[in-house]
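The block underneath contains the structure these notes are about, expressed in structure tokens.
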Amino acid sequence: MPKLGVHVSIAGGIDKALDRAEELNCNTMQIFTKNNNRWKARELRPAEIERYHERQAETGIEPVVTHASYLINLGSPKYKLWEKSMAALVIELRRCEILKIPYLVLHPGAHVKSGREAGLKRVAEGLDMVHNATSGYQVKIALELTAGQGTVLGYQFDELSTIISKCQQHERLVVCFDTCHAIAAGYEFRNESAYQAMIDKFDTVIGLDKLVVIHLNDSIGDLGSRLDRHAHIGMGKIGLEPFGFFLNDSRFTDIPFLLETPQDVKIESDRENLARLRSLIDGVEDDA
Ligand SMILES: [Zn+2]
Ligand SMILES: [Zn+2]
């Protein structure tokens with residue numbers, strides 16, 4: 001049985017996210033540990049942390065993955081924003097460490113018309129500073145493959161591998177693959193042979209040992225559209241079948257598959273998307 005979960009809300013306390021994931025029969029989940037559209041974060045309350053650890057042990061939901069705030073931009077040519085981004089990232093990593101969360105998913109950044117080379121250099125420098133400020137931490141930053149919208153960096157495997165190789169503590173960096181972003185970035189995987197070729201390419205350029213999280217989202221934009229808009233599973237340009245290639249790949253049995261599909265009808269959407277994915281898993285009885 002693969003690890004399958006959704007991005008859940010932390011409204012009411014971090015521990016409440018585990019209740020929501022359990023309600024959806026998930027054995028993994030993704031959360032924001034703070035408001036993702038604000039810089040400031042309130043301190044985690046000791047009782048909340050304790051309750052979170054208790055509930056995690058009870059539910060057996062693991063790994064828990066965190067997604068970093070969308071405001072963070074380590075590729076920014078504006079010094080103030082770059083500095084603020086590093087400080088915010090350190091805070092996010094500290095929260096992960098307190099909660100014993102192994103991976104923090106991060107969009108590498110955007111160069112904002114300052115050029116790709118310069119952008120990638122700043123991202124790597126920023127990651128170095130953040131690593132130095134968090135020495136000894138267990139949590140790893142998982143750089144997410146992006147859709148390549150605008151001046152966003154990290155939409156090609158070689159850009160992610162460039163960032164990793166430029167970093168001093170590259171062993172602290174891993175990668176998150178997103179199906180919606182990959183199609184939008186121009187990676188074809190909608191038939192079995194294209195899928196195998198793409199995974200081989202990932203292995204050659206980045207290394208499958210670096211792959212620790214897979215986001216399963218369908219895509220509004222077609223191949224190479226560079227549009228970051230997620231669709232419900234099977235309702236976008238990817239279609240249902242290709243998700244089965246990932247879910248049944250024996251190389252990925254320990255990797256958390258996480259949905260970030262639209263929340264228009266909230267919990268019902270999650271239920272339906274999960275049911276569609278579960279119907280693809282080999283050897284699992286379809287209870288529909
Ligand atoms: Zn993301
Ligand atoms: Zn994603």
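Chain labels A, B, ... are given in the sequence in which chains occur in the structure tokens; within each chain residues are numbered consecutively from 1, and ligands are likewise numbered from 1 in the order shown.
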Handout entry: Near-Gln56 of chain A list (12 Å; only C-alpha atoms; drop same-chain fewer than 2 positions) as an MDAnalysis selection string
Key = chainID A and resid 14:22 27:29 49:54 58:64 99:101
Mind writing the picked residues with C-alpha atoms as a PDB file, in the first residue's frame?
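result-v9.pdb written:
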```pdb
ATOM      1  CA  ILE A  14      -1.316  21.846  14.310  1.00  0.00           C
ATOM      2  CA  ASP A  15      -2.639  18.663  15.966  1.00  0.00           C
ATOM      3  CA  LYS A  16      -6.036  19.163  14.261  1.00  0.00           C
ATOM      4  CA  ALA A  17      -4.415  18.477  10.896  1.00  0.00           C
ATOM      5  CA  LEU A  18      -3.836  14.859  11.964  1.00  0.00           C
ATOM      6  CA  ASP A  19      -7.546  14.490  12.800  1.00  0.00           C
ATOM      7  CA  ARG A  20      -8.414  15.733   9.315  1.00  0.00           C
ATOM      8  CA  ALA A  21      -5.984  13.381   7.599  1.00  0.00           C
ATOM      9  CA  GLU A  22      -7.220  10.426   9.665  1.00  0.00           C
ATOM     10  CA  ASN A  27      -1.321   7.480   6.041  1.00  0.00           C
ATOM     11  CA  THR A  28       0.699  10.630   5.269  1.00  0.00           C
ATOM     12  CA  MET A  29      -0.154  14.348   5.001  1.00  0.00           C
ATOM     13  CA  ILE A  49       3.170  20.350  20.305  1.00  0.00           C
ATOM     14  CA  GLU A  50       2.564  17.640  22.881  1.00  0.00           C
ATOM     15  CA  ARG A  51      -0.900  16.908  21.512  1.00  0.00           C
ATOM     16  CA  TYR A  52       0.517  16.786  17.965  1.00  0.00           C
ATOM     17  CA  HIS A  53       3.105  14.158  18.941  1.00  0.00           C
ATOM     18  CA  GLU A  54       0.463  12.118  20.782  1.00  0.00           C
ATOM     19  CA  GLU A  58      -1.980   7.283  17.648  1.00  0.00           C
ATOM     20  CA  THR A  59      -2.803   7.775  13.979  1.00  0.00           C
ATOM     21  CA  GLY A  60       0.495   6.401  12.623  1.00  0.00           C
ATOM     22  CA  ILE A  61       0.458   9.137   9.996  1.00  0.00           C
ATOM     23  CA  GLU A  62       4.005   9.495   8.705  1.00  0.00           C
ATOM     24  CA  PRO A  63       5.875  11.057   7.221  1.00  0.00           C
ATOM     25  CA  VAL A  64       4.315  14.466   7.739  1.00  0.00           C
ATOM     26  CA  LEU A  99       7.495  18.843  15.360  1.00  0.00           C
ATOM     27  CA  LYS A 100      10.034  16.234  14.114  1.00  0.00           C
ATOM     28  CA  ILE A 101       8.916  16.793  10.521  1.00  0.00           C
TER      29      ILE A 101
END
```
Exercise for the section: May I have the residues within 12 Å of ligand 2, computed using only C-alpha atoms and all ligand atoms, as a ChimeraX atom specification? Expected result: /A:6-7,30-31,65-68,70,104-107,142-147,155,175-182,213-219,228-231,257-262
Would you mind exporting the chosen residues as a CSV table (one decimal), in the first residue's frame, restricted to C-alpha atoms?
```
chain,number,residue,atom,x,y,z
A,6,VAL,CA,-3.5,15.3,1.1
A,7,HIS,CA,-2.6,18.8,2.1
A,30,GLN,CA,1.2,17.8,4.1
A,31,ILE,CA,0.6,21.0,6.1
A,65,VAL,CA,5.6,16.9,5.1
A,66,THR,CA,5.5,20.7,5.4
A,67,HIS,CA,5.2,23.2,2.6
A,68,ALA,CA,7.1,26.5,3.1
A,70,TYR,CA,4.8,31.2,-0.8
A,104,LEU,CA,10.1,21.1,4.2
A,105,VAL,CA,9.0,21.6,0.6
A,106,LEU,CA,10.3,24.8,-0.9
A,107,HIS,CA,9.9,26.5,-4.3
A,142,ALA,CA,12.9,19.4,-0.5
A,143,LEU,CA,13.3,21.7,-3.5
A,144,GLU,CA,10.1,21.4,-5.6
A,145,LEU,CA,10.1,21.1,-9.3
A,146,THR,CA,8.1,24.1,-10.5
A,147,ALA,CA,5.9,24.8,-13.5
A,155,TYR,CA,11.3,23.9,-13.6
A,175,VAL,CA,13.6,17.0,-4.1
A,176,CYS,CA,9.8,17.1,-4.4
A,177,PHE,CA,8.3,16.2,-7.8
A,178,ASP,CA,4.9,17.6,-8.7
A,179,THR,CA,2.9,16.0,-11.6
A,180,CYS,CA,1.1,19.3,-12.5
A,181,HIS,CA,4.3,21.3,-12.5
A,182,ALA,CA,6.1,18.6,-14.6
A,213,VAL,CA,8.1,13.6,-2.0
A,214,ILE,CA,5.7,13.4,-4.9
A,215,HIS,CA,2.8,15.8,-5.3
A,216,LEU,CA,-0.1,14.3,-7.3
A,217,ASN,CA,-2.1,17.0,-9.0
A,218,ASP,CA,-3.8,17.1,-12.4
A,219,SER,CA,-3.1,20.2,-14.5
A,228,ASP,CA,0.9,26.5,-12.3
A,229,ARG,CA,-2.8,25.6,-12.0
A,230,HIS,CA,-3.8,22.4,-10.3
A,231,ALA,CA,-6.9,20.4,-11.4
A,257,PHE,CA,2.2,10.9,-2.5
A,258,LEU,CA,0.4,14.1,-1.6
A,259,LEU,CA,-2.5,15.8,-3.3
A,260,GLU,CA,-2.8,19.6,-3.5
A,261,THR,CA,-5.9,19.6,-5.6
A,262,PRO,CA,-8.5,22.4,-5.6
```
Problem - Members of segment 7-145 of chain A assigned alpha helix (DSSP H) by DSSP, as JSON, numbers by chain - result: {"A": [14, 15, 16, 17, 18, 19, 20, 21, 22, 23, 46, 47, 48, 49, 50, 51, 52, 53, 54, 55, 56, 57, 58, 59, 79, 80, 81, 82, 83, 84, 85, 86, 87, 88, 89, 90, 91, 92, 93, 94, 95, 96, 97, 98, 99, 116, 117, 118, 119, 120, 121, 122, 123, 124, 125, 126, 127, 128, 129, 130, 131, 132, 133]}
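Secondary structure from DSSP on the backbone puts strand (DSSP E) at the following positions of segment 51-247 of chain A: Val64, Val65, Thr66, His67, Tyr103, Leu104, Val105, Leu106, Lys140, Ile141, Ala142, Leu143, Glu144, Leu173, Val174, Val175, Cys176, Phe177, Asp178, Leu211, Val212, Val213, Ile214, His215, Leu216, Asp218, Ser219, His230 and Ala231 of chain A.
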Practice task
Compare A:Glu117, A:Gly13, A:Cys26, A:Gly148 by their minimum atom-to-atom distance to ligand 1, counting only C-alpha atoms and all ligand atoms, and give me the closest one.
Solution key: A:Gly148
Practice task
Using only C-alpha atoms, determine which residues lie at most 12 Å from Ser161 of chain A, disregarding the query and same-chain residues fewer than 6 positions distant; provide the list as a list in words.
Solution key: Pro108, Leu120, Ala124, Leu143, Glu144, Leu145, Leu153, Gly154, Tyr155, Cys167, His170, Leu173, Val174, Val175, Lys201, Phe202, Asp203, Thr204, Val205, Ile206, Gly207, Leu208, Lys210 and Leu211 of chain A
Handout entry: Close residues, Asp128 of chain A itself excluded, 10 Å, only C-alpha atoms, min 5 positions apart in chain, as an MDAnalysis selection string
Key = chainID A and resid 86 122:123 133:134 166:170
Exercise for the section: Rank A:Glu171, A:Glu125, A:Asp222, A:Asp249 by their smallest atom-to-atom distance to Gln196 of chain A, using only C-alpha atoms, and report the top residue only. Expected result: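 Checking each of A:Glu171, A:Glu125, A:Asp222, A:Asp249 against Gln196 of chain A, counting only C-alpha atoms, the winner is A:Asp249.
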Problem - For Ala275 of chain A: contacts at 12 Å, only C-alpha atoms, fewer than 5 positions along chain excluded, given as a ChimeraX atom specification - result: /A:4-6,24-26,232-234,240,259,268-270,280-281,284-288
Problem - From A:Ala47, A:Ala194, A:Leu247, A:Val152, residue lying nearest ligand 1 [only C-alpha atoms and all ligand atoms] - result: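 Comparing A:Ala47, A:Ala194, A:Leu247, A:Val152 against ligand 1, the winner is A:Val152.
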Exercise for the section: Pick out the closest residue to ligand 1 from this set: A:Ala11, A:Leu223, A:Leu71, A:Leu44. Count only C-alpha atoms and all ligand atoms. Expected result: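 The shortest atom-to-atom distance to ligand 1 comes from A:Leu71.
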Practice task
Using only C-alpha atoms, determine which residues lie at most 10 Å from Gly126 of chain A, disregarding the query and same-chain residues fewer than 6 positions distant; provide the list as a list of chain:residue names.
Solution key: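 Near Gly126 of chain A, the qualifying residues are A:Asn73, A:Leu74, A:Gly75, A:Trp82, A:Glu83, A:Ser85, A:Met86, A:Ala87, A:Leu89, A:Leu120, A:Asn132, A:Cys167.
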Selected residues written out with N, CA, C and O atoms, as a tab-separated table (two decimals), in the first residue's frame:
```
chain	number	residue	atom	x	y	z
A	73	ASN	N	11.34	34.00	-1.19
A	73	ASN	CA	11.98	33.97	-2.51
A	73	ASN	C	13.49	34.13	-2.37
A	73	ASN	O	14.02	35.24	-2.29
A	74	LEU	N	14.18	32.98	-2.38
A	74	LEU	CA	15.64	33.01	-2.25
A	74	LEU	C	16.32	33.45	-3.55
A	74	LEU	O	17.53	33.62	-3.59
A	75	GLY	N	15.54	33.63	-4.60
A	75	GLY	CA	16.12	34.08	-5.87
A	75	GLY	C	15.98	35.57	-6.07
A	75	GLY	O	16.41	36.12	-7.09
A	82	TRP	N	15.39	39.11	0.00
A	82	TRP	CA	16.25	37.92	0.05
A	82	TRP	C	16.58	37.58	1.50
A	82	TRP	O	16.47	36.43	1.94
A	83	GLU	N	16.96	38.63	2.27
A	83	GLU	CA	17.30	38.45	3.69
A	83	GLU	C	16.09	37.98	4.50
A	83	GLU	O	16.18	37.08	5.33
A	85	SER	N	13.58	36.40	3.40
A	85	SER	CA	13.27	35.03	2.99
A	85	SER	C	14.12	34.02	3.76
A	85	SER	O	13.62	32.98	4.19
A	86	MET	N	15.39	34.33	3.92
A	86	MET	CA	16.27	33.42	4.67
A	86	MET	C	15.83	33.32	6.12
A	86	MET	O	15.77	32.23	6.68
A	87	ALA	N	15.50	34.47	6.71
A	87	ALA	CA	15.06	34.48	8.11
A	87	ALA	C	13.77	33.66	8.27
A	87	ALA	O	13.62	32.88	9.22
A	89	LEU	N	12.74	31.25	6.38
A	89	LEU	CA	13.03	29.83	6.15
A	89	LEU	C	13.64	29.19	7.40
A	89	LEU	O	13.30	28.05	7.75
A	120	LEU	N	19.91	31.50	-9.76
A	120	LEU	CA	20.31	30.18	-9.22
A	120	LEU	C	21.44	30.34	-8.20
A	120	LEU	O	21.46	29.66	-7.17
A	132	ASN	N	23.73	27.06	7.48
A	132	ASN	CA	24.68	27.44	8.54
A	132	ASN	C	23.96	27.90	9.80
A	132	ASN	O	24.46	27.69	10.91
A	167	CYS	N	25.47	24.09	-3.58
A	167	CYS	CA	25.38	24.23	-2.12
A	167	CYS	C	26.46	23.45	-1.41
A	167	CYS	O	26.78	22.32	-1.78
```
Practice task
Considering only C-alpha atoms, return as a list in words whatever protein or nucleic-acid residues lie within 9 Å of Asp254 of chain A, sequence-local ones (same chain, fewer than 4 positions apart) excluded.
Solution key: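 Within the cut-off, the hits are Pro2, Lys3 and Val212 of chain A.
Taking only C-alpha atoms and all ligand atoms into account, ligand 1 lies nearest to A:Ser69 out of the set A:Ser165, A:Ser69, A:Ser114, A:Ser135.
With only C-alpha atoms and all ligand atoms as the atoms that count, the minimum distance from ligand 1 to the choices A:Ile10, A:Ala41, A:Leu127, A:Ile72 is reached by A:Ile72.
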